[in-house]
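K.L.:
The structure that follows is given in the form of structure tokens.
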Amino acid sequence: MLATKTMLIRHAEKPDGDVQGVTAAGAKDPEELVVRGWQRSGALVRLFAPRDGKFVDPHLAQPRTIFASAVGKHSNSLRPQHTVLELAQELRLKLDLRFPKGGEKDLAKAAVAATGPVLICWEHEDIPDIVNAIVGNNTTCPQKWDGSRFDLVWVLDRRTASDGWDFTQVPQLLLAGDSAKPVL
């Protein structure tokens with residue numbers, strides 16, 4: 001059974017100017033999340049795995065497969081992996097790290113072939129390309145993800161195997177300052 005729901009998120013907050021990335025143990029690391037990013041990572045657990053089973057938005061679902069970009073020649077960032085690591089642990093899932101930045105087309109094929117709802121955590125510049133590869137066009141979603149936004153979920157729902165996909169933007173609204181506005 002091919003995946004009928006694919007959810008995509010950007011990795012959580014990253015270093016910016018004076019705000020330094022830190023490891024889970026608190027050591028400085030420019031390839032890591034900042035403290036706010038670690039907070040978002042924890043909050044994502046309940047967004048995608050609510051204790052009472054009631055999702056804040058009907059477009060969301062508990063993932064059965066979670067992809068995050070691997071460290072590779074185009075990116076040394078651990079942010080995508082660490083953004084969804086706590087969620088994967090809570091759900092007792094192993095992160096699928098087969099695809100580094102640059103492997104978006106292969107990732108899209110694997111996501112569509114996966115069983116159950118899929119969650120993909122990636123760098124924002126390439127999320128539109130992943131959606132385009134899944135749906136087979138460049139008109140379904142915005143073609144640029146706002147670089148200041150860490151607080152959205154893009155959701156693809158398959159109508160039928162031959163009838164395409166529906167696209168929805170779901171605001172996370174997990175942390176103070178998160179926006180309810182979609183990316184245009």
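Residues in the structure tokens are named by chain (A, B, ... in the order shown) and by number from 1 within that chain; ligands are numbered from 1 in the order shown.
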I need the residues of range 93-144 of chain A that end up classed as strand (DSSP E or B) by DSSP on the backbone, written out as a list in words.
P.N.:
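DSSP-assigned strand (DSSP E or B) residues in range 93-144 of chain A: Asp96, Pro100, Val118, Leu119, Ile120, Cys121 and Trp122 of chain A.
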K.L.:
So that I can check the surroundings of Gln39 in chain A, please list as a ChimeraX atom specification every protein, DNA and RNA residue that reaches within 10 Å of it, counting only C-alpha atoms and ignoring chain neighbours fewer than 6 positions away.
P.N.:
/A:12-13,33,83,174-175
K.L.:
Per DSSP on the backbone, what are the alpha helix (DSSP H) residues of chain A, as a PyMOL selection string?
P.N.:
chain A and resi 35-48+79-91+104-113+127-135
K.L.:
Kindly give the distance, in Å, that separates CA of Ser75 in chain A and CA of Pro30 in chain A, rounded to a single decimal.
P.N.:
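Separation between CA of Ser75 in chain A and CA of Pro30 in chain A: 11.9 Å.
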K.L.:
Applying 10 Å and only C-alpha atoms, which residues near range 92-98 of chain A remain after dropping the ones on its own chain fewer than 5 positions away? List them as a ChimeraX atom specification.
P.N.:
/A:63-71,80-81,84-87,103,106-107,110,120
K.L.:
Which one of A:Lys101, A:Gln172, A:His82, A:Thr140 sits closest to Thr23 in chain A if you count only C-alpha atoms?
P.N.:
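Result for the nearest residue to Thr23 in chain A: A:His82.
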K.L.:
Got a sec: who's within 10 Å of Gly147 in chain A, counting only C-alpha atoms, leaving out chain neighbours fewer than 5 positions off, as a PyMOL selection string?
P.N.:
chain A and resi 10+123-125
